[in-house]
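J.: Here it is: the structure, laid out below.
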Amino acid sequence: MRFVLLGGGVFALSLLVVQGQAGVPSDLPLPVLVVLSAATGVATWWVPRSWWPLAAVGAVGYAWLVMWPPLVISSYYAGLTLSRSRGIVAYLGGCLIVCGISAVVGACQDGLREVMTTNPGNALVMALAMIGLPVAVGLYVRAKREVLAAARERAERLEREQVLRAEQARAQERARIAREMHDVVAHRVSLIVLHAGALEVRTDDDEAARVAALIGGIGREALANLRDVLGVLRSPRSPDREGALRPPPTLAHLDRLLDQSRSLGITVTRYDEGEVRPVETTVERTAYRVVQEALTNVHKHAGDAGTDVRIRYGPDVLEVEVRNDAPGAPREELPGAGWGLVGLRERVELLGGTLRTSAEDGGGFLVRARIPA
């Protein structure tokens with residue numbers, strides 16, 4: 001749109017110049033002057049694609065009629081687009097030739113045309129104003145754009161380098177955490193599995209063998225999960241690694257989780273309320289983790305206290321409720337990091353849900369999560 005306006009302005013100004021209001025009047029008929037001025041306007045409109053037609057029209061118009069507006073615009077774009085000094089020199093040399101032709105044509109005529117084109121002082125002022133100054137402005141604008149582009153490119157490069165450094169630092173930290181987990185946790189869990197296997201083979205008590213087999217199975221499952229976690233920590237973006245990982249558990253695996261707690265002597269009862277239906281995988285995964293963490297706390301703090309697990313399907317929400325009775329007798333609590341419920345609350349809130357934990361009057365404990373589904 002702006003080049004349409006610029007073309008209209010050049011057309012109007014060129015017409016005024018050749019009629020004598022802003023230049024040397026011409027003896028040509030008005031329709032011819034209008035056509036010539038319209039040609040300058042069209043060439044100006046074509047400038048975004050190529051400014052050479054405007055330069056040609058400007059050269060002819062200035063040499064023939066001292067029509068300076070198209071020469072000004074073409075000189076500006078010459079300084080703006082010509083990338084080599086040789087091109088600028090060639091353009092200025094061509095302009096000098098045009099000025100010489102205009103002086104020859106002016107010498108053949110009388111009046112204002114002869115004064116403007118043949119007088120050395122006037123010719124120099126005209127050349128500087130119509131050619132030199134626009135070229136200088138075009139060179140300045142181009143230099144400023146190049147400086148801004150270089151500064152923008154440098155800022156983008158620094159930003160990319162900062163992101164790469166941050167990713168490298170994260171990768172190093174993840175690798176360090178993976179090493180620590182492998183050296184400490186994996187080693188301890190492996191010892192548990194080995195001792196459980198030895199107990200299962202050597203004991204003559206069927207109940208002890210069953211418990212040892214259960215401990216060994218849970219330990220091997222923990223090692224498999226730990227291996228997946230270590231793989232993610234070491235290569236979080238590897239497609240091969242992601243394809244090798246087992247899918248995270250969902251509500252379809254909940255009964256197996258409850259059976260593991262029952263095998264340890266805890267009475268766990270599951271209740272499904274509402275119309276059971278499939279929900280988003282992330283919602284089911286989070287619900288599974290809520291039950292898992294709640295049962296872990298029961299094992300650690302309440303021993304063999306009876307536990308109720310309720311999965312309630314609402315119209316647009318999935319509620320998970322785990323309520324355990326008061327422990328039958330005081331027991332030594334297992335050590336823990338103390339971040340289980342904190343991480344669980346963050347996991348639920350990431351899905352727009354809420355997590356509430358509270359102690360019951362009778363000594364029990366309640367964990368309730370509401371997850372949009």
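By convention here, the chains of the structure tokens are called A, B, ... in the order presented, each chain's residues are numbered starting at 1, and ligands are numbered starting at 1 in the order presented.
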So which residues touch Arg310 in chain A within 12 Å, counting only C-alpha atoms, skipping near sequence neighbours fewer than 5 positions away, as JSON, numbers by chain?
T.: {"A": [251, 254, 268, 269, 270, 271, 272, 273, 274, 287, 288, 290, 291, 318, 319, 320, 321, 322, 323, 324, 366, 367, 368, 369, 370]}
J.: Go ahead and write the residues just picked, N, CA and C atoms, as a compact mmCIF listing (two decimals), in the first residue's frame.
T.:
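New file out03.txt:
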```txt
# COMPACT_ATOMS: atom_id res chain seq x y z
N LEU A 251 -4.93 -47.25 35.72
CA LEU A 251 -5.91 -47.91 36.58
C LEU A 251 -6.10 -49.38 36.21
N LEU A 254 -4.20 -51.40 38.64
CA LEU A 254 -4.42 -51.10 40.05
C LEU A 254 -4.62 -52.36 40.89
N VAL A 268 -7.06 -54.65 52.04
CA VAL A 268 -7.33 -53.55 51.11
C VAL A 268 -8.60 -53.88 50.35
N THR A 269 -9.55 -52.95 50.40
CA THR A 269 -10.83 -53.14 49.72
C THR A 269 -11.00 -52.04 48.69
N ARG A 270 -11.35 -52.46 47.47
CA ARG A 270 -11.53 -51.49 46.38
C ARG A 270 -13.01 -51.29 46.11
N TYR A 271 -13.39 -50.02 45.90
CA TYR A 271 -14.75 -49.67 45.55
C TYR A 271 -14.72 -48.80 44.29
N ASP A 272 -15.49 -49.19 43.30
CA ASP A 272 -15.67 -48.38 42.10
C ASP A 272 -17.08 -47.81 42.13
N GLU A 273 -17.18 -46.49 42.10
CA GLU A 273 -18.47 -45.82 42.16
C GLU A 273 -18.69 -45.02 40.89
N GLY A 274 -19.95 -44.92 40.47
CA GLY A 274 -20.28 -44.22 39.25
C GLY A 274 -20.12 -45.13 38.04
N ALA A 287 -3.99 -40.99 38.89
CA ALA A 287 -4.81 -41.68 39.89
C ALA A 287 -4.08 -42.90 40.43
N TYR A 288 -3.41 -43.64 39.58
CA TYR A 288 -2.63 -44.79 40.04
C TYR A 288 -1.55 -44.36 41.02
N VAL A 290 -1.55 -41.78 42.94
CA VAL A 290 -2.16 -41.38 44.21
C VAL A 290 -2.36 -42.60 45.10
N VAL A 291 -2.93 -43.66 44.54
CA VAL A 291 -3.15 -44.88 45.32
C VAL A 291 -1.82 -45.48 45.75
N LEU A 318 -12.62 -37.29 38.09
CA LEU A 318 -12.29 -38.59 38.65
C LEU A 318 -11.77 -38.37 40.07
N GLU A 319 -12.44 -38.98 41.04
CA GLU A 319 -12.05 -38.84 42.44
C GLU A 319 -11.39 -40.12 42.91
N VAL A 320 -10.30 -39.97 43.61
CA VAL A 320 -9.56 -41.09 44.19
C VAL A 320 -9.47 -40.85 45.69
N GLU A 321 -9.90 -41.84 46.44
CA GLU A 321 -9.92 -41.69 47.90
C GLU A 321 -9.31 -42.94 48.52
N VAL A 322 -8.31 -42.74 49.36
CA VAL A 322 -7.66 -43.83 50.09
C VAL A 322 -7.75 -43.49 51.58
N ARG A 323 -8.47 -44.34 52.32
CA ARG A 323 -8.67 -44.10 53.76
C ARG A 323 -8.23 -45.35 54.51
N ASN A 324 -7.34 -45.17 55.47
CA ASN A 324 -6.88 -46.31 56.28
C ASN A 324 -7.31 -46.12 57.73
N LEU A 366 -6.56 -39.94 55.62
CA LEU A 366 -7.32 -39.85 54.37
C LEU A 366 -6.51 -39.12 53.32
N VAL A 367 -6.48 -39.68 52.14
CA VAL A 367 -5.87 -39.03 50.98
C VAL A 367 -6.95 -38.99 49.90
N ARG A 368 -7.31 -37.78 49.45
CA ARG A 368 -8.37 -37.63 48.47
C ARG A 368 -7.89 -36.70 47.36
N ALA A 369 -8.08 -37.16 46.13
CA ALA A 369 -7.67 -36.36 44.96
C ALA A 369 -8.87 -36.22 44.04
N ARG A 370 -9.03 -35.02 43.49
CA ARG A 370 -10.05 -34.72 42.48
C ARG A 370 -9.32 -34.27 41.21
```
J.: Please provide as a list in words all residues within 8 Å of range 95-101 of chain A, with the sequence filter that same-chain residues fewer than 5 positions apart are discarded (counting only C-alpha atoms).
T.: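 The contact residues come out as Ala59, Val60, Tyr62, Ala63, Thr117, Ala123, Ala127 and Ile131 of chain A.
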J.: Could you save those same residues with C-alpha atoms as an mmCIF file, in the first residue's frame?
T.:
```cif
data_model
loop_
_atom_site.group_PDB
_atom_site.id
_atom_site.type_symbol
_atom_site.label_atom_id
_atom_site.label_comp_id
_atom_site.auth_asym_id
_atom_site.auth_seq_id
_atom_site.Cartn_x
_atom_site.Cartn_y
_atom_site.Cartn_z
ATOM 1 C CA ALA A 59 17.353 9.026 -16.678
ATOM 2 C CA VAL A 60 15.196 9.689 -19.741
ATOM 3 C CA TYR A 62 15.833 14.147 -16.472
ATOM 4 C CA ALA A 63 17.830 14.287 -19.700
ATOM 5 C CA THR A 117 21.553 22.602 -16.766
ATOM 6 C CA ALA A 123 24.303 21.786 -12.419
ATOM 7 C CA ALA A 127 23.421 16.771 -9.097
ATOM 8 C CA ILE A 131 21.579 12.228 -6.931
#
```
J.: Quick one: distance from CA of Trp52 in chain A to CA of Ala39 in chain A in Å, one decimal?
T.: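 Interatomic distance here is 13.2 Å.
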J.: Taking the DSSP secondary structure from the backbone, can you list the residues of range 18-85 of chain A that are helix (DSSP H, G or I), as a count of residues only?
T.: 46
J.: Choose the residue, out of A:Leu15, A:Val10, A:Ala90, A:Val309, that has the smallest atom-to-atom separation from Leu54 in chain A; count only C-alpha atoms.
T.: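 The shortest atom-to-atom distance to Leu54 in chain A comes from A:Val10.
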